[in-house]
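Structure below is entry16.txt: compact mmCIF, C-alpha atoms.
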```
# COMPACT_ATOMS: atom_id res chain seq x y z
CA MET M 257 -11.82 -11.47 25.01
CA ALA M 258 -10.16 -8.08 24.67
CA ILE M 259 -6.47 -8.39 24.02
CA VAL M 260 -5.79 -5.35 26.20
CA GLY M 261 -6.53 -7.59 29.15
CA LYS M 262 -3.24 -9.37 28.47
CA TRP M 263 -1.16 -6.22 28.82
CA PHE M 264 -1.19 -6.10 32.63
CA GLY M 265 2.45 -6.05 33.66
CA PHE M 266 3.75 -5.91 30.09
CA MET M 267 6.53 -3.54 29.13
CA GLY M 268 5.89 -1.18 26.24
CA GLU M 269 8.12 -2.93 23.71
CA GLU M 270 6.41 -6.25 24.46
CA ILE M 271 3.09 -4.69 23.52
CA LEU M 272 4.62 -3.33 20.34
CA ASP M 273 6.17 -6.68 19.43
CA GLU M 274 2.87 -8.45 20.07
CA GLY M 275 1.05 -5.96 17.84
CA ILE M 276 3.53 -6.43 15.00
CA THR M 277 3.45 -10.21 15.40
CA SER M 278 -0.36 -10.16 15.28
CA PHE M 279 -0.22 -8.09 12.10
CA GLU M 280 2.25 -10.44 10.43
CA ARG M 281 0.13 -13.50 11.16
CA GLY M 282 -3.01 -11.78 9.83
CA ASP M 283 -4.72 -11.11 13.16
CA ASP M 284 -5.68 -7.54 12.31
CA GLU M 285 -8.14 -7.11 15.16
CA GLY M 286 -5.46 -8.10 17.63
CA ALA M 287 -2.90 -5.90 15.91
CA VAL M 288 -5.15 -2.84 15.94
CA GLU M 289 -5.97 -3.25 19.61
CA ALA M 290 -2.37 -3.84 20.68
CA LEU M 291 -0.87 -1.06 18.59
CA GLU M 292 -3.52 1.47 19.62
CA GLU M 293 -2.78 0.57 23.23
CA TYR M 294 0.93 1.03 22.64
CA LEU M 295 0.46 4.49 21.10
CA LEU M 296 -1.86 5.49 23.93
CA GLN M 297 0.62 4.41 26.59
CA HIS M 298 3.74 5.76 24.87
CA PRO M 299 2.99 9.16 23.32
CA ARG M 300 6.69 10.08 23.04
CA SER M 301 8.24 6.73 22.20
CA GLU M 302 10.89 6.52 19.48
CA SER M 303 8.99 3.49 18.16
CA ARG M 304 5.82 5.45 17.45
CA ALA M 305 6.55 5.61 13.73
CA LEU M 306 6.99 1.83 13.54
CA ALA M 307 3.79 1.26 15.51
CA SER M 308 1.88 3.78 13.40
CA PHE M 309 3.00 2.15 10.16
CA HIS M 310 1.74 -1.28 11.20
CA LEU M 311 -1.41 0.16 12.74
CA ALA M 312 -2.26 1.93 9.48
CA ASN M 313 -1.91 -1.29 7.50
CA ALA M 314 -3.79 -3.42 10.01
CA SER M 315 -6.60 -0.85 10.16
CA ALA M 316 -6.87 -0.75 6.37
CA ARG M 317 -6.99 -4.53 6.06
CA LEU M 318 -9.61 -4.82 8.76
CA ALA M 319 -11.66 -2.05 7.16
CA GLN M 320 -11.62 -4.01 3.90
CA VAL M 321 -12.90 -7.12 5.68
CA TYR M 322 -15.73 -5.11 7.22
CA LEU M 323 -16.61 -3.53 3.88
CA GLU M 324 -16.72 -6.86 2.08
CA SER M 325 -18.92 -8.35 4.80
CA GLY M 326 -21.46 -5.51 4.61
CA ARG M 327 -20.28 -3.63 7.70
CA ALA M 328 -19.33 -0.32 6.12
CA PRO M 329 -20.16 1.75 9.26
CA MET M 330 -17.56 -0.26 11.17
CA ALA M 331 -15.07 0.11 8.32
CA ARG M 332 -15.24 3.91 8.23
CA PRO M 333 -13.37 4.79 11.45
CA LEU M 334 -10.71 2.20 10.65
CA ILE M 335 -9.94 3.53 7.18
CA GLU M 336 -10.00 7.11 8.42
CA ARG M 337 -7.51 6.13 11.12
CA ALA M 338 -5.31 4.51 8.48
CA VAL M 339 -5.39 7.62 6.30
CA THR M 340 -4.45 9.80 9.26
CA LEU M 341 -1.50 7.56 10.12
CA ALA M 342 -0.30 7.12 6.52
CA PRO M 343 -1.43 10.21 4.60
CA THR M 344 0.92 9.69 1.64
CA TYR M 345 -0.54 6.37 0.45
CA PRO M 346 -3.08 6.80 -2.36
CA ASP M 347 -4.45 3.27 -2.06
CA LEU M 348 -5.85 4.12 1.37
CA ARG M 349 -7.76 7.04 -0.14
CA ILE M 350 -9.27 4.69 -2.72
CA ARG M 351 -10.37 2.25 -0.03
CA ALA M 352 -11.87 5.17 1.87
CA GLY M 353 -13.74 6.22 -1.26
CA LEU M 354 -15.27 2.78 -1.66
CA ILE M 355 -16.43 2.83 1.95
CA TYR M 356 -17.93 6.31 1.58
CA ARG M 357 -19.75 5.13 -1.54
CA GLU M 358 -21.25 2.22 0.37
CA LEU M 359 -22.40 4.68 3.06
CA GLY M 360 -23.94 7.02 0.47
CA GLU M 361 -21.46 9.81 1.28
CA PHE M 362 -20.76 10.66 -2.34
CA ASP M 363 -19.17 14.07 -1.82
CA GLN M 364 -16.63 12.58 0.56
CA GLU M 365 -16.07 9.74 -1.89
CA ALA M 366 -15.13 12.22 -4.62
CA VAL M 367 -12.82 14.08 -2.25
CA SER M 368 -10.96 10.87 -1.42
CA VAL M 369 -10.48 9.99 -5.09
CA GLY M 370 -9.20 13.50 -5.81
CA GLU M 371 -6.73 13.21 -2.95
CA ALA M 372 -5.45 9.89 -4.30
CA LEU M 373 -4.81 11.46 -7.70
CA LEU M 374 -2.99 14.38 -6.13
CA LEU M 375 -0.71 11.95 -4.33
CA ASN M 376 -0.06 9.93 -7.50
CA PRO M 377 -1.62 11.12 -10.79
CA GLY M 378 -0.68 7.81 -12.45
CA TYR M 379 -2.23 5.57 -9.81
CA ARG M 380 -4.28 3.15 -11.88
CA ALA M 381 -7.11 2.58 -9.41
CA ALA M 382 -7.56 6.32 -8.88
CA VAL M 383 -7.63 7.00 -12.63
CA CYS M 384 -10.32 4.34 -13.09
CA TYR M 385 -12.26 5.63 -10.10
CA GLN M 386 -12.32 9.19 -11.44
CA ILE M 387 -13.63 7.94 -14.79
CA ALA M 388 -16.34 5.93 -13.03
CA LEU M 389 -17.38 8.98 -10.98
CA LEU M 390 -17.59 11.07 -14.13
CA TYR M 391 -19.73 8.42 -15.83
CA ARG M 392 -21.96 8.08 -12.79
CA SER M 393 -22.62 11.83 -12.88
CA GLY M 394 -24.03 11.48 -16.40
CA ASN M 395 -21.03 12.73 -18.37
CA HIS M 396 -20.85 9.57 -20.42
CA GLU M 397 -19.07 10.95 -23.48
CA GLU M 398 -16.38 12.72 -21.47
CA ALA M 399 -15.84 9.61 -19.34
CA MET M 400 -15.35 7.46 -22.44
CA THR M 401 -12.90 9.98 -23.85
CA ARG M 402 -10.92 9.92 -20.62
CA LEU M 403 -10.95 6.13 -20.63
CA SER M 404 -9.51 6.10 -24.15
CA THR M 405 -6.80 8.56 -23.12
CA ALA M 406 -6.01 6.57 -19.99
CA ILE M 407 -5.63 3.34 -21.99
CA ALA M 408 -3.30 5.08 -24.43
CA ARG M 409 -1.11 6.15 -21.51
CA ASP M 410 -1.37 2.85 -19.63
CA PRO M 411 -2.09 -0.10 -21.96
CA GLY M 412 -2.61 -2.30 -18.93
CA LEU M 413 -6.05 -0.73 -18.60
CA ALA M 414 -7.13 -2.30 -21.90
CA SER M 415 -8.85 -5.17 -20.11
CA GLU M 416 -11.95 -7.16 -20.81
CA ARG M 417 -13.79 -4.90 -18.37
CA SER M 418 -12.83 -1.76 -20.27
CA ARG M 419 -13.97 -3.32 -23.55
CA TYR M 420 -17.29 -4.31 -21.98
CA ALA M 421 -17.72 -0.78 -20.67
CA VAL M 422 -17.12 0.78 -24.08
CA GLN M 423 -19.45 -1.68 -25.77
CA ALA M 424 -22.23 -1.21 -23.22
CA ASN M 425 -21.96 2.57 -23.50
CA ALA M 426 -22.22 2.36 -27.30
CA GLU M 427 -25.36 0.24 -26.91
CA GLY M 428 -26.90 2.70 -24.47
CA ALA M 429 -26.70 0.17 -21.62
CA PHE M 430 -25.46 2.82 -19.20
CA PRO M 431 -25.89 0.89 -15.90
CA ARG M 432 -23.91 -2.02 -17.35
CA ALA M 433 -21.20 0.32 -18.59
CA LEU M 434 -20.94 1.90 -15.14
CA SER M 435 -20.73 -1.50 -13.44
CA ASN M 436 -17.78 -2.44 -15.63
CA LEU M 437 -16.05 0.87 -15.04
CA GLU M 438 -16.42 0.44 -11.29
CA ALA M 439 -15.10 -3.11 -11.51
CA MET M 440 -11.96 -1.73 -13.16
CA ILE M 441 -11.10 0.14 -9.96
CA THR M 442 -9.97 -3.01 -8.19
CA GLU M 443 -9.51 -5.43 -11.08
CA ALA M 444 -5.88 -4.70 -11.93
CA ASP M 445 -4.93 -4.25 -8.30
CA SER M 446 -6.44 -7.62 -7.42
CA ASP M 447 -4.38 -9.32 -10.11
CA ALA M 448 -1.25 -7.57 -8.89
CA ASN M 449 -1.98 -8.53 -5.31
CA LEU M 450 -2.09 -12.22 -6.25
CA HIS M 451 1.47 -11.99 -7.58
CA VAL M 452 2.51 -10.00 -4.50
CA ARG M 453 1.15 -12.67 -2.17
CA LEU M 454 2.99 -15.38 -4.11
CA GLY M 455 6.15 -13.28 -4.16
CA ASN M 456 5.99 -12.73 -0.41
CA SER M 457 5.60 -16.45 0.15
CA PHE M 458 8.63 -17.25 -2.03
CA LEU M 459 10.65 -14.49 -0.38
CA ARG M 460 9.95 -15.86 3.10
CA GLY M 461 11.18 -19.24 1.87
CA GLN M 462 14.30 -17.62 0.36
CA MET M 463 13.22 -18.77 -3.10
CA PHE M 464 14.57 -15.58 -4.60
CA ALA M 465 14.27 -16.38 -8.30
CA GLU M 466 10.59 -17.29 -7.96
CA ALA M 467 9.95 -14.25 -5.78
CA ALA M 468 11.64 -11.89 -8.25
CA ASP M 469 9.53 -13.31 -11.06
CA GLU M 470 6.28 -12.76 -9.16
CA PHE M 471 7.19 -9.21 -8.11
CA ALA M 472 8.17 -8.38 -11.70
CA LYS M 473 4.72 -9.54 -12.85
CA ALA M 474 3.07 -7.45 -10.12
CA SER M 475 5.06 -4.39 -11.19
CA GLU M 476 3.87 -4.81 -14.76
CA LEU M 477 0.26 -4.78 -13.58
CA ALA M 478 0.72 -2.05 -10.96
CA PRO M 479 3.82 -0.03 -11.86
CA GLU M 480 2.88 2.71 -9.39
CA TYR M 481 3.15 0.52 -6.26
CA PRO M 482 6.32 1.44 -4.34
CA ASP M 483 6.03 -1.50 -1.95
CA VAL M 484 6.08 -3.95 -4.87
CA ARG M 485 9.24 -2.28 -6.18
CA CYS M 486 10.83 -2.54 -2.75
CA ARG M 487 9.98 -6.23 -2.38
CA HIS M 488 11.27 -6.89 -5.89
CA GLY M 489 14.50 -5.19 -4.90
CA GLN M 490 14.86 -7.48 -1.88
CA ALA M 491 14.44 -10.55 -4.06
CA LEU M 492 17.04 -9.23 -6.51
CA VAL M 493 19.48 -8.71 -3.63
CA GLY M 494 18.98 -12.37 -2.73
CA LEU M 495 20.00 -13.25 -6.28
CA GLY M 496 23.08 -11.02 -6.13
CA ARG M 497 21.65 -8.70 -8.78
CA ASN M 498 22.54 -5.58 -6.83
CA GLU M 499 22.50 -3.03 -9.65
CA GLU M 500 18.95 -4.01 -10.58
CA ALA M 501 17.98 -3.96 -6.91
CA ILE M 502 19.31 -0.42 -6.55
CA GLU M 503 17.15 0.63 -9.51
CA GLU M 504 14.07 -0.90 -7.89
CA PHE M 505 14.71 0.77 -4.53
CA ARG M 506 15.27 4.13 -6.22
CA ARG M 507 12.08 3.69 -8.21
CA ALA M 508 10.18 2.94 -5.00
CA ILE M 509 11.53 6.17 -3.52
CA GLU M 510 10.49 8.12 -6.61
CA LEU M 511 6.97 6.78 -6.21
CA ASN M 512 6.91 7.46 -2.46
CA PRO M 513 9.61 9.85 -1.20
CA ALA M 514 8.55 9.08 2.40
CA TYR M 515 9.21 5.32 2.11
CA ALA M 516 11.68 4.62 4.91
CA ASP M 517 12.05 0.90 4.10
CA ALA M 518 13.18 1.65 0.56
CA TYR M 519 15.87 4.04 1.81
CA ALA M 520 17.07 1.48 4.36
CA TYR M 521 17.31 -1.38 1.86
CA LEU M 522 18.96 0.93 -0.64
CA GLY M 523 21.54 1.80 2.00
CA VAL M 524 22.32 -1.87 2.62
CA VAL M 525 23.00 -2.55 -1.06
CA LEU M 526 24.99 0.65 -1.53
CA ARG M 527 27.18 -0.28 1.43
CA HIS M 528 27.68 -3.74 -0.03
CA GLU M 529 28.83 -2.04 -3.24
CA SER M 530 31.30 0.06 -1.18
CA LEU M 531 29.37 3.27 -1.88
CA ASP M 532 29.63 4.24 1.75
CA LEU M 533 28.76 7.94 1.50
CA ASP M 534 25.63 7.21 -0.52
CA ALA M 535 24.73 4.40 1.88
CA GLU M 536 25.12 6.68 4.88
CA ALA M 537 22.84 9.27 3.27
CA ALA M 538 20.21 6.60 2.59
CA PHE M 539 20.30 5.33 6.18
CA GLN M 540 20.10 8.89 7.49
CA ARG M 541 17.03 9.59 5.37
CA ALA M 542 15.38 6.37 6.56
CA LEU M 543 15.95 7.39 10.17
CA GLU M 544 14.60 10.88 9.52
CA LEU M 545 11.39 9.30 8.25
CA ASN M 546 11.29 6.61 10.94
CA PRO M 547 13.67 7.14 13.88
CA ALA M 548 12.86 3.62 15.11
CA HIS M 549 13.66 1.88 11.83
CA ARG M 550 15.44 -1.28 12.92
CA LEU M 551 17.42 -1.99 9.77
CA ALA M 552 18.66 1.59 9.35
CA SER M 553 19.44 1.84 13.07
CA ALA M 554 21.42 -1.40 13.03
CA HIS M 555 23.57 -0.23 10.13
CA ALA M 556 24.03 3.21 11.67
CA ASP M 557 25.16 1.55 14.91
CA LEU M 558 27.48 -0.74 12.95
CA LYS M 559 29.18 2.27 11.40
CA ALA M 560 29.39 4.04 14.76
CA GLY M 561 30.97 0.98 16.30
```
Just dump the structure as structure tokens.
Amino acid sequence: MAIVGKWFGFMGEEILDEGITSFERGDDEGAVEALEEYLLQHPRSESRALASFHLANASARLAQVYLESGRAPMARPLIERAVTLAPTYPDLRIRAGLIYRELGEFDQEAVSVGEALLLNPGYRAAVCYQIALLYRSGNHEEAMTRLSTAIARDPGLASERSRYAVQANAEGAFPRALSNLEAMITEADSDANLHVRLGNSFLRGQMFAEAADEFAKASELAPEYPDVRCRHGQALVGLGRNEEAIEEFRRAIELNPAYADAYAYLGVVLRHESLDLDAEAAFQRALELNPAHRLASAHADLKAG
């Protein structure tokens, strides 16, 4: 049954809250429907940024489910919607590329990978994807040279998959080499995501030491993920390690200058450290990026009061 049918008589913020709740419990179909309805009904709402953020993530997760279940045509509009809503996130461009590949739209696939690299030249999945595209085009020697250079810059890429790829290429087993290169696109990210999921679980249970350990492991595997840095910072705050938390929040901002959450959390810690002017600047930047940001708004209101 369509969730929109439940909205009769609902106020706008109730729809928004239901959409966010659906997202947090993993009901991405429900989240997408509710949040799209909210944006349709409230084109000028101050909460549009918050709704758009969650809609982008729910759309991307649902697109991945469709892709993995062989429904790439259904995944395409979802990932394109996610990219439109969150244009600064390179991982969405990579997911879009994988969907375009499945659909046989290879030119668009290459465009998406190029866009991901422009957003973050050190993004591991994008680097691997570009090498795989080069190899697929028949430029085997150049692709292997780029792989060697990439490993020298990021030793985390020296995986079993990369070794298999090099060996298969040397043996002239080009399809096998390509398969291993393509597997590298998601291999490291998948490992990092396992630690992120564990870290999130520990963080929800206020098991801050365990959470910090998992996020640190995720950052080692995926140092270019600003959200991992931000979550690690939250766990460090829970442990009272504020200086380290500030470093993590600042690193998240370096990786994604449009990351409102990182500015807001940074502001909280700076205020706790009595760095009020710096905290105020951080909250102001968070609100510039997301005028409906609840944490930044609450602290701004606290100061005003």
(request) Find, counting only C-alpha atoms, the residue in M:Leu318, M:Met463, M:Met330, M:Val452 that gets nearest to Cys486 of chain M. (result)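 For Cys486 of chain M, the nearest of the candidates is M:Val452.
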(message) Residues near Arg380 of chain M, anyone? I mean within 12 Å using only C-alpha atoms, not counting same-chain ones fewer than 6 positions away, as a PyMOL selection string.
(response) chain M and resi 346-347+350+369+372-373+386-387+403+406-407+409-414+440-446+448+476-481
(message) I'd like the interatomic distance between atom CA of Pro547 of chain M and atom CA of Glu302 of chain M, to a tenth of an Å.
(response)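 Atom CA of Pro547 of chain M sits 6.3 Å away from atom CA of Glu302 of chain M.
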(request) For atom CA of Ser457 of chain M and atom CA of Glu470 of chain M, determine how far apart the two atoms are, in Å to one decimal place. (result) 10.0 Å
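Proximity to Gln423 of chain M was assessed for M:Leu374, M:Leu533, M:Met400, M:Ala538 counting all atoms listed in the file; the smallest distance is recorded for M:Met400.
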(message) With distances taken over only C-alpha atoms, which residue among M:Ile502, M:Leu334, M:Gly489, M:Glu280 lies nearest Asp534 of chain M?
(response)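 Between M:Ile502, M:Leu334, M:Gly489, M:Glu280, the residue approaching Asp534 of chain M most closely is M:Ile502.
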(request) State, in Å with one decimal place, the distance from atom CA of Leu459 of chain M to atom CA of Arg485 of chain M. (result)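 Computing it gives 13.6 Å between the two atoms.
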Enclose all atoms of segment 302-307 of chain M listed in the file in an axis-aligned box, grow every side by 8 Å, and hand back centre and edge lengths in Å to one decimal, as JSON.
```
{"center_x": 7.3, "center_y": 3.9, "center_z": 16.5, "size_x": 23.1, "size_y": 21.3, "size_z": 21.9}
```
Kindly provide, as a PDB file with C-alpha atoms, keeping the file's coordinate frame, the polymer residues lying within 10 Å of (22.9, -1.8, -0.6), counting all atoms listed in the file and using the coordinates exactly as they appear in the file.
```pdb
ATOM      1  CA  GLN M 490      14.860  -7.480  -1.880  1.00  0.00           C
ATOM      2  CA  VAL M 493      19.480  -8.710  -3.630  1.00  0.00           C
ATOM      3  CA  ASN M 498      22.540  -5.580  -6.830  1.00  0.00           C
ATOM      4  CA  GLU M 499      22.500  -3.030  -9.650  1.00  0.00           C
ATOM      5  CA  ALA M 501      17.980  -3.960  -6.910  1.00  0.00           C
ATOM      6  CA  ILE M 502      19.310  -0.420  -6.550  1.00  0.00           C
ATOM      7  CA  PHE M 505      14.710   0.770  -4.530  1.00  0.00           C
ATOM      8  CA  TYR M 519      15.870   4.040   1.810  1.00  0.00           C
ATOM      9  CA  ALA M 520      17.070   1.480   4.360  1.00  0.00           C
ATOM     10  CA  TYR M 521      17.310  -1.380   1.860  1.00  0.00           C
ATOM     11  CA  LEU M 522      18.960   0.930  -0.640  1.00  0.00           C
ATOM     12  CA  GLY M 523      21.540   1.800   2.000  1.00  0.00           C
ATOM     13  CA  VAL M 524      22.320  -1.870   2.620  1.00  0.00           C
ATOM     14  CA  VAL M 525      23.000  -2.550  -1.060  1.00  0.00           C
ATOM     15  CA  LEU M 526      24.990   0.650  -1.530  1.00  0.00           C
ATOM     16  CA  ARG M 527      27.180  -0.280   1.430  1.00  0.00           C
ATOM     17  CA  HIS M 528      27.680  -3.740  -0.030  1.00  0.00           C
ATOM     18  CA  GLU M 529      28.830  -2.040  -3.240  1.00  0.00           C
ATOM     19  CA  SER M 530      31.300   0.060  -1.180  1.00  0.00           C
ATOM     20  CA  LEU M 531      29.370   3.270  -1.880  1.00  0.00           C
ATOM     21  CA  ASP M 532      29.630   4.240   1.750  1.00  0.00           C
ATOM     22  CA  ASP M 534      25.630   7.210  -0.520  1.00  0.00           C
ATOM     23  CA  ALA M 535      24.730   4.400   1.880  1.00  0.00           C
ATOM     24  CA  ALA M 538      20.210   6.600   2.590  1.00  0.00           C
TER      25      ALA M 538
END
```
(request) Rank M:Asn376, M:Ser301, M:Ser315, M:Asn456 by their smallest atom-to-atom distance to Arg332 of chain M, using only C-alpha atoms, and report the top residue only. (result)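 Looking at the shortest contact to Arg332 of chain M, the residue is M:Ser315.
The residue that comes closest to Val383 of chain M, out of M:Ala290, M:Leu495, M:Leu311, M:Leu437 and on the basis of all atoms listed in the file, is M:Leu437.
For Ser278 of chain M, the list of residues within 9 Å, based on all atoms listed in the file and with local chain neighbours fewer than 5 positions off taken out, reads Asp273, Asp283, Asp284, Glu285, Gly286, Ala287, Val288 and Ala290 of chain M.
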(request) Using all atoms listed in the file, pick whichever of M:Pro333, M:Phe279, M:Ala328, M:Val339 has the shortest atom-to-atom distance to Leu359 of chain M. (result) M:Ala328
(request) Determine, counting all atoms listed in the file, every residue of protein, DNA or RNA that lies within 6 Å of (15.5, -12.3, -5.0) in the file coordinates, then give the result as a list of chain:residue names. (result) M:Phe464, M:Ala465, M:Ala467, M:Ala468, M:Gln490, M:Ala491, M:Leu492, M:Val493, M:Gly494, M:Leu495
